[in-house]
Amino acid sequence: MNHWLVKSEPHKYSWDKFNQDKRTFWDGVRNYQARNNLKDMREGDLVLFYHSNEGKEVVGIAKVVKEAYQDPTTEDKNWVVVDLVPIESLKHPVTLEQIKADERLIDIGLVKQGRLSVMPLKTEEFDRIIELGSN
């Protein structure tokens, strides 16, 4: 199983809205590296949901339930989506400040490639953020 992080601005698509919807396709990705990451996602992979711009915090855990397919919001064949379902909210959101201050997260893509909207996480990074969100 692989681990990922996806970003969404809460005013565009929030964790609360995702929980209300119970399932969504992750659309609007228009960066080739992020698109390639979507293509690498596999059914059952776990995904951290990060509120970007407002809040700047990891708020929950989702799961990939359908692998990459054509983005239905565009006819351009270059772009894909995956389907995600929410699994659980973190007990305490983990802020970008906490992540930056944690020595175990020093190389995380969220800090190194801050503008990338879909990124892989090492298992240790995923586990550490879950640990921080549980305390």
# chains A, B, ... in the order shown; residues from 1 in each chain; ligands from 1
call {"tool": "residues_around", "arguments": {"residues": "segment 69-79 of chain A", "least_positions_apart": "3", "cutoff": "10 Å", "atoms": "only C-alpha atoms", "output": "list in words"}}
result
Phe25, Trp26, Asp27, Gly28, Val29, Arg30, Asn31, Tyr32, Arg35, Asn36, Leu38, Lys39, Lys66, Val82 and Asp83 of chain A
call {"tool": "write_last_selection", "arguments": {"atoms": "C-alpha atoms", "output": "PDB file, in the first residue's frame"}}
result
ATOM      1  CA  PHE A  25     -13.561  12.085  -7.783  1.00  0.00           C
ATOM      2  CA  TRP A  26     -10.408  14.161  -7.315  1.00  0.00           C
ATOM      3  CA  ASP A  27     -10.571  16.550 -10.265  1.00  0.00           C
ATOM      4  CA  GLY A  28      -9.032  19.797 -11.384  1.00  0.00           C
ATOM      5  CA  VAL A  29      -5.428  18.586 -11.305  1.00  0.00           C
ATOM      6  CA  ARG A  30      -3.580  20.436 -14.075  1.00  0.00           C
ATOM      7  CA  ASN A  31       0.031  19.788 -13.154  1.00  0.00           C
ATOM      8  CA  TYR A  32       1.803  16.880 -14.856  1.00  0.00           C
ATOM      9  CA  ARG A  35      -1.344  13.968 -12.548  1.00  0.00           C
ATOM     10  CA  ASN A  36       1.337  11.274 -12.635  1.00  0.00           C
ATOM     11  CA  LEU A  38      -2.855  10.308  -9.437  1.00  0.00           C
ATOM     12  CA  LYS A  39      -2.004   7.660 -12.051  1.00  0.00           C
ATOM     13  CA  LYS A  66     -11.213   3.741  -7.884  1.00  0.00           C
ATOM     14  CA  VAL A  82      -9.296   8.983  -8.857  1.00  0.00           C
ATOM     15  CA  ASP A  83     -12.240   8.289  -6.565  1.00  0.00           C
TER      16      ASP A  83
END
call {"tool": "residues_around", "arguments": {"residues": "Pro86 of chain A", "least_positions_apart": "3", "cutoff": "8 Å", "atoms": "only C-alpha atoms", "output": "list in words"}}
result
Phe18, Asn19, Lys22, Arg23, Gly60, Ile61, Ala62 and Lys63 of chain A
call {"tool": "closest_residue", "arguments": {"among": "A:Val118, A:Met1, A:Leu96, A:Leu48", "to": "Ala34 of chain A", "atoms": "only C-alpha atoms"}}
result
A:Val118
call {"tool": "residues_around", "arguments": {"residues": "Leu110 of chain A", "least_positions_apart": "3", "cutoff": "10 Å", "atoms": "only C-alpha atoms", "output": "PyMOL selection string"}}
result
chain A and resi 5-7+50+96+99-100+105-107+113-121
call {"tool": "select_by_dssp", "arguments": {"residues": "chain A", "states": "helix (DSSP H, G or I)", "output": "JSON, numbers by chain"}}
result
{"A": [15, 16, 17, 18, 19, 20, 21, 32, 33, 34, 35, 36, 37, 38, 39, 40, 96, 97, 98, 99, 100, 101, 103, 104, 105, 109, 110, 111, 112, 123, 124, 125, 126, 127, 128, 129, 130, 131, 132, 133, 134]}
call {"tool": "closest_residue", "arguments": {"among": "A:Asn135, A:Thr123, A:Val65, A:Lys56", "to": "Glu97 of chain A", "atoms": "only C-alpha atoms"}}
result
A:Lys56
call {"tool": "closest_residue", "arguments": {"among": "A:Val47, A:Leu90, A:Ile108, A:His11", "to": "Glu124 of chain A", "atoms": "only C-alpha atoms"}}
result
A:Ile108
call {"tool": "select_by_dssp", "arguments": {"residues": "chain A", "states": "strand (DSSP E)", "output": "NGL selection string"}}
result
:A and (3-8 or 24-25 or 46-51 or 57-70 or 80-95 or 118-121)
call {"tool": "write_last_selection", "arguments": {"atoms": "N, CA and C atoms", "output": "short mmCIF file (atom, residue, chain, number, x, y, z; two decimals), in the first residue's frame"}}
result
data_model
loop_
_atom_site.label_atom_id
_atom_site.label_comp_id
_atom_site.auth_asym_id
_atom_site.auth_seq_id
_atom_site.Cartn_x
_atom_site.Cartn_y
_atom_site.Cartn_z
N HIS A 3 1.03 5.64 0.28
CA HIS A 3 0.42 6.73 1.03
C HIS A 3 0.59 8.03 0.24
N TRP A 4 -0.41 8.89 0.36
CA TRP A 4 -0.47 10.11 -0.43
C TRP A 4 -0.98 11.26 0.42
N LEU A 5 -0.82 12.46 -0.12
CA LEU A 5 -1.42 13.65 0.44
C LEU A 5 -2.05 14.43 -0.70
N VAL A 6 -3.29 14.85 -0.52
CA VAL A 6 -3.96 15.72 -1.49
C VAL A 6 -4.33 17.02 -0.78
N LYS A 7 -4.33 18.10 -1.56
CA LYS A 7 -4.62 19.42 -1.01
C LYS A 7 -5.90 19.96 -1.63
N SER A 8 -6.66 20.65 -0.81
CA SER A 8 -7.83 21.35 -1.30
C SER A 8 -8.03 22.62 -0.46
N THR A 24 -15.95 11.13 -3.70
CA THR A 24 -15.75 12.15 -4.72
C THR A 24 -14.69 11.68 -5.70
N PHE A 25 -14.71 12.26 -6.90
CA PHE A 25 -13.56 12.08 -7.78
C PHE A 25 -12.68 13.32 -7.62
N LEU A 46 -3.98 4.81 1.15
CA LEU A 46 -4.48 5.81 2.09
C LEU A 46 -3.97 7.19 1.73
N VAL A 47 -4.81 8.19 1.98
CA VAL A 47 -4.56 9.56 1.54
C VAL A 47 -4.84 10.53 2.68
N LEU A 48 -3.89 11.40 2.96
CA LEU A 48 -4.13 12.48 3.92
C LEU A 48 -4.77 13.66 3.18
N PHE A 49 -5.77 14.26 3.79
CA PHE A 49 -6.50 15.39 3.22
C PHE A 49 -6.01 16.66 3.90
N TYR A 50 -5.46 17.57 3.11
CA TYR A 50 -4.83 18.78 3.62
C TYR A 50 -5.61 20.00 3.16
N HIS A 51 -5.99 20.87 4.10
CA HIS A 51 -6.60 22.15 3.76
C HIS A 51 -5.49 23.14 3.45
N GLU A 57 -3.55 22.74 7.19
CA GLU A 57 -3.48 21.63 8.14
C GLU A 57 -4.03 20.35 7.53
N VAL A 58 -3.48 19.24 7.97
CA VAL A 58 -4.00 17.92 7.62
C VAL A 58 -5.18 17.67 8.54
N VAL A 59 -6.33 17.35 7.94
CA VAL A 59 -7.55 17.23 8.74
C VAL A 59 -8.16 15.83 8.75
N GLY A 60 -7.77 14.98 7.80
CA GLY A 60 -8.40 13.67 7.77
C GLY A 60 -7.69 12.66 6.89
N ILE A 61 -8.23 11.44 6.93
CA ILE A 61 -7.69 10.32 6.16
C ILE A 61 -8.76 9.84 5.19
N ALA A 62 -8.37 9.63 3.95
CA ALA A 62 -9.26 9.11 2.92
C ALA A 62 -8.64 7.84 2.34
N LYS A 63 -9.40 7.20 1.47
CA LYS A 63 -8.90 5.99 0.81
C LYS A 63 -9.25 6.04 -0.66
N VAL A 64 -8.35 5.54 -1.50
CA VAL A 64 -8.59 5.42 -2.93
C VAL A 64 -9.52 4.22 -3.15
N VAL A 65 -10.66 4.47 -3.83
CA VAL A 65 -11.60 3.39 -4.11
C VAL A 65 -11.77 3.12 -5.60
N LYS A 66 -11.21 3.98 -6.44
CA LYS A 66 -11.21 3.74 -7.88
C LYS A 66 -9.96 4.39 -8.45
N GLU A 67 -9.22 3.62 -9.22
CA GLU A 67 -7.96 4.09 -9.79
C GLU A 67 -8.21 5.04 -10.96
N ALA A 68 -7.14 5.65 -11.45
CA ALA A 68 -7.19 6.73 -12.42
C ALA A 68 -8.06 6.42 -13.65
N TYR A 69 -8.87 7.42 -14.01
CA TYR A 69 -9.67 7.38 -15.23
C TYR A 69 -9.83 8.81 -15.73
N GLN A 70 -10.33 8.96 -16.95
CA GLN A 70 -10.46 10.26 -17.59
C GLN A 70 -11.21 11.26 -16.70
N VAL A 80 -6.60 13.11 -15.51
CA VAL A 80 -7.29 11.99 -14.89
C VAL A 80 -7.78 12.36 -13.49
N VAL A 81 -8.63 11.51 -12.95
CA VAL A 81 -9.11 11.62 -11.58
C VAL A 81 -9.01 10.24 -10.93
N VAL A 82 -9.09 10.22 -9.62
CA VAL A 82 -9.30 8.98 -8.86
C VAL A 82 -10.49 9.23 -7.95
N ASP A 83 -11.14 8.16 -7.52
CA ASP A 83 -12.24 8.29 -6.57
C ASP A 83 -11.71 8.06 -5.16
N LEU A 84 -12.14 8.92 -4.25
CA LEU A 84 -11.75 8.84 -2.84
C LEU A 84 -12.99 8.78 -1.96
N VAL A 85 -12.85 8.11 -0.82
CA VAL A 85 -13.88 8.15 0.22
C VAL A 85 -13.20 8.58 1.52
N PRO A 86 -13.92 9.34 2.36
CA PRO A 86 -13.34 9.70 3.66
C PRO A 86 -13.35 8.50 4.60
N ILE A 87 -12.30 8.35 5.38
CA ILE A 87 -12.21 7.28 6.36
C ILE A 87 -12.44 7.82 7.77
N GLU A 88 -11.63 8.81 8.16
CA GLU A 88 -11.83 9.40 9.49
C GLU A 88 -11.16 10.75 9.59
N SER A 89 -11.70 11.57 10.48
CA SER A 89 -11.09 12.86 10.79
C SER A 89 -9.97 12.63 11.79
N LEU A 90 -8.94 13.46 11.71
CA LEU A 90 -7.91 13.42 12.74
C LEU A 90 -8.49 14.02 14.01
N LYS A 91 -8.11 13.47 15.13
CA LYS A 91 -8.57 13.98 16.43
C LYS A 91 -8.18 15.45 16.57
N HIS A 92 -6.95 15.76 16.15
CA HIS A 92 -6.44 17.13 16.15
C HIS A 92 -5.81 17.39 14.79
N PRO A 93 -6.27 18.41 14.04
CA PRO A 93 -5.61 18.74 12.79
C PRO A 93 -4.11 18.98 13.01
N VAL A 94 -3.31 18.58 12.04
CA VAL A 94 -1.86 18.76 12.11
C VAL A 94 -1.49 19.91 11.19
N THR A 95 -0.99 20.98 11.78
CA THR A 95 -0.72 22.20 11.02
C THR A 95 0.60 22.10 10.26
N VAL A 118 -0.93 16.98 -5.30
CA VAL A 118 -1.05 15.54 -5.05
C VAL A 118 0.36 15.01 -4.94
N MET A 119 0.71 14.42 -3.78
CA MET A 119 2.09 13.99 -3.59
C MET A 119 2.16 12.67 -2.82
N PRO A 120 3.20 11.90 -3.11
CA PRO A 120 3.40 10.67 -2.34
C PRO A 120 3.98 10.99 -0.97
N LEU A 121 3.71 10.11 -0.02
CA LEU A 121 4.31 10.19 1.31
C LEU A 121 4.99 8.87 1.60
#
call {"tool": "atom_distance", "arguments": {"atom1": "atom CA of Gly55 of chain A", "atom2": "atom CA of Glu125 of chain A"}}
result
20.0 Å
